[in-house]
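Written below as structure tokens is the structure these notes are about.
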Amino acid sequence: MSTPPTHALAARNRRQFRNIHVTQIVRYRLPPSGWVSILHRVSGAALFLLLPLLLWLFDLSLMSELSFARLQEAASHGFVKLVLLGAIWAFLHHLVAGVRYLLLDLQVGIDKRAARKSAVAVLAISLPLTLLAALPLFGVV
């Protein structure tokens, strides 16, 4: 009897892929690349859904001085500021993660270690940029 090839032994020792149930999502540990991927999709969907609102706000800001004053008054409410902050985060995260995915498409940083570093870099760049954008939005600067 012959011994099985080494790749067959390695495949047998590897854990088998399993789908997880919705209730297991909270306990499932995603690598940073997984979080960035999910957040990239969420930010893209948020930008798509917020696009009519953002275009209306832009139109309102350019229409007249009176409409701009009305916009400023509406934007002074806390909930509106949170929605605008969410839109800013969605834009910045989608932009930075999009650059990462363009580099991955060019075969730059596709090994496991580099991909993990670039995923952490996306979060390390987009979150502080969002906090910087939040300062003038909430009147700190």
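Every chain in the structure tokens has a letter given in the order shown (A, B, ...), and although residue numbers restart at 1 in each chain, ligands are simply numbered from 1 in the order shown.
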
Quiz item: What lies within 12 Å of Leu129 in chain A using only C-alpha atoms, ignoring chain neighbours under 2 positions off, as a list in words?
Solution: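 What passes the distance filter is Leu85, Ile88, Trp89, Ala90, Phe91, Leu92, His93, Leu95, Val96, Val122, Leu123, Ala124, Ile125, Ser126, Leu127, Leu131, Leu132, Ala133, Ala134 and Leu135 of chain A.
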